[in-house]
Structures are given as C-alpha cells and as structure tokens.
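This report refers to the structure that appears directly beneath it.
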Amino acid sequence: MDGIMHLDDSWHVAGRSFASRLIVGTGKYKDLPTTAAAIDASGAEMVTVAVRRVNLSDPKAPMLQDFVPPSRYTYLPNTAGCFTADDAVRTLRLAREAGGWNLVKLEVLGPPPTLYPDMPATFEAAAALIKDGFEVMVYCSDDPIAAKRLEEMGCVAIMPLGAPIGSGLGVQNPLMIQMIIENAKVPVLVDAGVGTAYDATFAMELGCDAVLVNSAIALADDPVLMARAMKAGVEAGRLAFRAGRIPRRGSAHASSPMTGLIR
Amino acid sequence: MDALATALTLTVNGDALNFERPLTVAGLVERLGLDMRKVAVELNREIVPRSTYGAVALQSGDVLEIVHFIGGG
C-alpha cells in the first residue's frame, strides 16, 4: 500500500485542517504548568477554553494564554455556564473580541445531576450564533434527529455526548452515535464521557472524526501519562476504523491451517 | 471642576468602583492593571472593539464586563 496516502489522514472543520483527532479541554487541572504539559503530551492542536470575568483583585495572576499559547493551539471557546441563548451569544461575542475566533463550541446544559444538553435552548442559541457569523461546533444529545437538524441549521460539527460530562463511563449508546455518524455530512465528535484510553479508541472505531477529552486527562493520577494514552487510544481507534474490523461471529475459526499436518 | 463633577462610578464585573472623569476604556483597563491584549470588554452589553478602547469615554452608571480565557472543557 502507498505509505504517503496513509500519512495524510487529517480531518477538516470549517475550512481548517487538523492532523490530531484528539481535542482536549483545559479545565480541572491542578495548575497551569500541568495543563500545558498534558496538552503538549496529548498532541492536540485544538483546545477548548472558557470565558470568565477577570479577577480584579489579582490582575497579574498567571493566565491560560501564557501557558497554552493561542499561537500554537486553535482555541475553541465554549459557552459553559450559559443557560440561555442570550448568555451564549454574549459570551462568544466576548471570546471573538478577545481572540478573534469565529470557531466556537456551543453547549447549553440542563441542571445537575445530569448536565444533559438542553436541546431546545441549544437550537435557539445555535440559530442566533450562526446568524451572528459564528462557526458552531455543537455539543448535543445522542439523538440522530436533533443532530441532523443542527447540521441542517448550519452547525459545522456535531458533538454528541458519549456519557454524562465527567462521568468517565465511555460511550453508552454506540448504536445512536453510529447512526449520527452515518447520517452526517459534517464532522461528528464524541464529546464528554470518556474515562480512559479504550473509551476514546472505541469512539474512534465507531467512525467518529475526533474525540474531545477533558476530565479523563485532567483528573488522572498522572495527567501527562494519560494524555499520551489518549493520544495512542485515538490513533489506534482511527487506524482500526480505517482498516476495517473482521465481522463478529458466534463460532471459532482456527488461525492455523488444518491441512499439511504431520502424520 | 469640583470633585462631584469629576466623580465617575462604574460597575465592573459586578463591583461598584469609583474613578475620576475623564476615563476611557483603555484608561480603565490600565488602571485595573490588566493586559489589554488578553481581555475583552463589554460596555452596557455591547462589545467594545479593542481598536476603539482609547476613544470610548466612560460615563457614570456604565456597566462593564471584562473577561479573559480560563481553563474549560
């Protein structure tokens, strides 16, 4: 086989091209140096970030940008903490002014304990953001109908949850994720629910374009090591998906020939 | 001008703060000790483009949000 062809397996969203299929969050780390080291080890090219008020009582506190430079990583500002379309639009307008990025992650969540995507509010916010010129990667429920509607509205990537945020349970509904992938013309990413490397592998084997991971790396005992594991897991799953797995069969089939045996 | 005429009360990130007029957005960001390149400013719910910070004069009663990027998922 042609080795060159295999080297270029980049994916594309909103006119941008990425070699890494792992997107990482920058939240929940114990400190900024660990954030930087883990993200470096993950090989990610795109990172999610949140937008918050600056702390006026400590204006010289170290900032994320000093450790995770936007010159190196594509920032994907999120709308975490926004519960209405209006809040989401305000937040991302500020993000656009702070960094000039049009590519954003929309997430409108319901209350704990599920933090499940609030889909009516998500639709409303997506419409407002698209109208305002944003390129919206949207966190959503694992609902193929909702996913298709978001795509038709103009969202540039569909990001169904694998499991509740921070649960580490892995993809709970692979059938629905697969249906979303098969029906989508834009990239599909599993966002939320990854617990360890094989969860990311499994998501990629389903045919996802990429996986988004935060808690599983940030809260691991050794975030840098887990970042490496996630990188390897995503790559393994992608390669396995492209290679085409063997069918599952309900019987044994010998790997060694049963002919030519000595007598 | 007497002190009353130059008093400028702003709400910044939810806190009432006192300054003196005249003050622009650029002046406020500097007074607060922030790096202009790393923040974004909303004035009375409207984005203030960074290129205009030096030209936008603040009035008593103005409500500002000054944000930056932090870690998030």
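Here's how to read the names in the structure tokens: chain A, B, ... by the order shown, residue numbers from 1 in each chain, ligand numbers from 1 in the order shown.
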
Practice problem: Determine which residues of chain B sit within 9 Å of chain A, taking into account only C-alpha atoms, and present them as a list in words. | Solution: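 That gives Val12, Asn13, Leu32, Gly33, Leu34, Asp35, Arg37, Lys38, Val39, Ala40, Val41, Glu42, Arg45, Glu46, Ile47, Val48, Pro49, Arg50, Glu65, Ile66, Val67, His68, Phe69, Ile70, Gly71, Gly72 and Gly73 of chain B for chain B.
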
Exercise. Find the residues near range 148-152 of chain A: any atom within 8 Å, counting only C-alpha atoms, skip ones fewer than 5 places away on the same chain, and give them as a ChimeraX atom specification.
Key: /A:123,126,138,157-158,180,183-186

Quiz item: Which residues come within 8 Å of Ala57 in chain B, counting only C-alpha atoms, excluding same-chain residues fewer than 2 positions away, as a VMD selection string?
Solution: chain B and resid 22 to 25 54 to 55 59

Quiz prompt | Which of chain B fall in strand (DSSP E or B), as number ranges by chain | solution = B: 7-12, 15-20, 24, 40-43, 46-48, 57, 63-71

Can you spit out the residues from that selection as a compact mmCIF listing (two decimals), in the first residue's frame, using N, CA and C atoms?
```
# COMPACT_ATOMS: atom_id res chain seq x y z
N ALA B 7 -16.50 62.93 39.53
CA ALA B 7 -16.72 61.57 40.06
C ALA B 7 -17.30 60.67 38.98
N LEU B 8 -16.77 59.48 38.93
CA LEU B 8 -17.21 58.51 37.91
C LEU B 8 -17.41 57.16 38.61
N THR B 9 -18.66 56.72 38.69
CA THR B 9 -18.94 55.44 39.32
C THR B 9 -19.31 54.42 38.25
N LEU B 10 -18.56 53.33 38.22
CA LEU B 10 -18.77 52.28 37.22
C LEU B 10 -19.06 50.96 37.92
N THR B 11 -19.79 50.11 37.25
CA THR B 11 -19.93 48.73 37.72
C THR B 11 -19.08 47.85 36.82
N VAL B 12 -18.02 47.29 37.42
CA VAL B 12 -17.08 46.45 36.65
C VAL B 12 -17.12 45.04 37.22
N ASP B 15 -18.86 44.72 40.49
CA ASP B 15 -18.45 45.56 41.62
C ASP B 15 -18.59 47.04 41.27
N ALA B 16 -19.13 47.83 42.22
CA ALA B 16 -19.18 49.29 42.01
C ALA B 16 -17.80 49.85 42.33
N LEU B 17 -17.22 50.58 41.38
CA LEU B 17 -15.88 51.14 41.57
C LEU B 17 -15.91 52.63 41.25
N ASN B 18 -15.12 53.39 41.98
CA ASN B 18 -15.08 54.85 41.78
C ASN B 18 -13.79 55.28 41.09
N PHE B 19 -13.98 56.13 40.09
CA PHE B 19 -12.85 56.69 39.34
C PHE B 19 -13.11 58.19 39.17
N GLU B 20 -12.25 58.82 38.38
CA GLU B 20 -12.46 60.23 38.04
C GLU B 20 -12.54 60.40 36.55
N THR B 24 -11.25 56.65 29.68
CA THR B 24 -11.64 55.82 28.52
C THR B 24 -11.55 54.35 28.92
N ALA B 40 -11.27 40.97 26.98
CA ALA B 40 -12.29 41.54 26.11
C ALA B 40 -13.25 42.32 27.00
N VAL B 41 -13.81 43.38 26.45
CA VAL B 41 -14.63 44.30 27.25
C VAL B 41 -16.01 44.46 26.63
N GLU B 42 -17.02 44.38 27.51
CA GLU B 42 -18.39 44.63 27.12
C GLU B 42 -18.85 45.85 27.91
N LEU B 43 -19.42 46.83 27.21
CA LEU B 43 -19.90 48.05 27.87
C LEU B 43 -21.41 48.14 27.65
N GLU B 46 -22.74 45.82 25.12
CA GLU B 46 -22.22 45.89 23.75
C GLU B 46 -20.71 45.67 23.78
N ILE B 47 -20.22 44.85 22.84
CA ILE B 47 -18.78 44.63 22.73
C ILE B 47 -18.07 45.94 22.39
N VAL B 48 -16.95 46.18 23.05
CA VAL B 48 -16.11 47.33 22.69
C VAL B 48 -14.92 46.79 21.89
N ALA B 57 -15.22 56.98 25.85
CA ALA B 57 -15.23 57.62 27.16
C ALA B 57 -16.33 57.01 28.03
N VAL B 63 -22.02 49.99 32.90
CA VAL B 63 -21.82 48.63 33.41
C VAL B 63 -20.88 47.90 32.46
N LEU B 64 -19.77 47.43 33.02
CA LEU B 64 -18.76 46.76 32.18
C LEU B 64 -18.52 45.32 32.62
N GLU B 65 -18.27 44.50 31.63
CA GLU B 65 -17.78 43.15 31.89
C GLU B 65 -16.42 43.05 31.23
N ILE B 66 -15.43 42.61 32.00
CA ILE B 66 -14.09 42.41 31.44
C ILE B 66 -13.73 40.94 31.64
N VAL B 67 -13.51 40.23 30.55
CA VAL B 67 -13.32 38.79 30.62
C VAL B 67 -12.00 38.37 30.00
N HIS B 68 -11.62 37.13 30.29
CA HIS B 68 -10.45 36.53 29.66
C HIS B 68 -10.70 35.03 29.54
N PHE B 69 -9.75 34.34 28.94
CA PHE B 69 -9.90 32.89 28.79
C PHE B 69 -9.34 32.18 30.01
N ILE B 70 -10.08 31.18 30.47
CA ILE B 70 -9.57 30.32 31.53
C ILE B 70 -9.77 28.87 31.09
N GLY B 71 -9.25 27.93 31.88
CA GLY B 71 -9.41 26.52 31.54
C GLY B 71 -10.87 26.12 31.53
```

Practice problem: For CA of Phe202 in chain A and CA of Ala163 in chain A, quote the distance in Å rounded to one decimal. | Solution: 13.0 Å

Quiz prompt | Residue among B:Arg31, B:Asp62, B:Met36, B:Val56 lying closest to Gly14 in chain B, counting only C-alpha atoms | solution = B:Asp62

Practice problem: Extract, using only C-alpha atoms, all DNA, RNA and protein residues at most 9 Å from Ala121 in chain A, discarding same-chain residues fewer than 3 positions from it, and format them as a PyMOL selection string. | Solution: chain A and resi 83-85+108-109+117-118+124-126

Can you spit out the residues from that selection as a PDB file, in the first residue's frame, using C-alpha atoms?
```pdb
ATOM      1  CA  PHE A  83     -28.227  28.602  30.274  1.00  0.00           C
ATOM      2  CA  THR A  84     -29.856  30.810  27.655  1.00  0.00           C
ATOM      3  CA  ALA A  85     -29.238  31.658  24.016  1.00  0.00           C
ATOM      4  CA  VAL A 108     -26.221  24.737  26.767  1.00  0.00           C
ATOM      5  CA  LEU A 109     -26.685  22.380  29.669  1.00  0.00           C
ATOM      6  CA  PRO A 117     -27.699  19.062  26.791  1.00  0.00           C
ATOM      7  CA  ASP A 118     -30.762  21.317  26.876  1.00  0.00           C
ATOM      8  CA  GLU A 124     -32.132  28.626  19.834  1.00  0.00           C
ATOM      9  CA  ALA A 125     -28.531  29.545  20.658  1.00  0.00           C
ATOM     10  CA  ALA A 126     -27.189  27.790  17.546  1.00  0.00           C
TER      11      ALA A 126
END
```

Quiz prompt | Interatomic distance, CA of Ser60 in chain B to CA of Leu28 in chain B (Å, one decimal) | solution =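 Interatomic distance, CA of Ser60 in chain B to CA of Leu28 in chain B: 13.0 Å.
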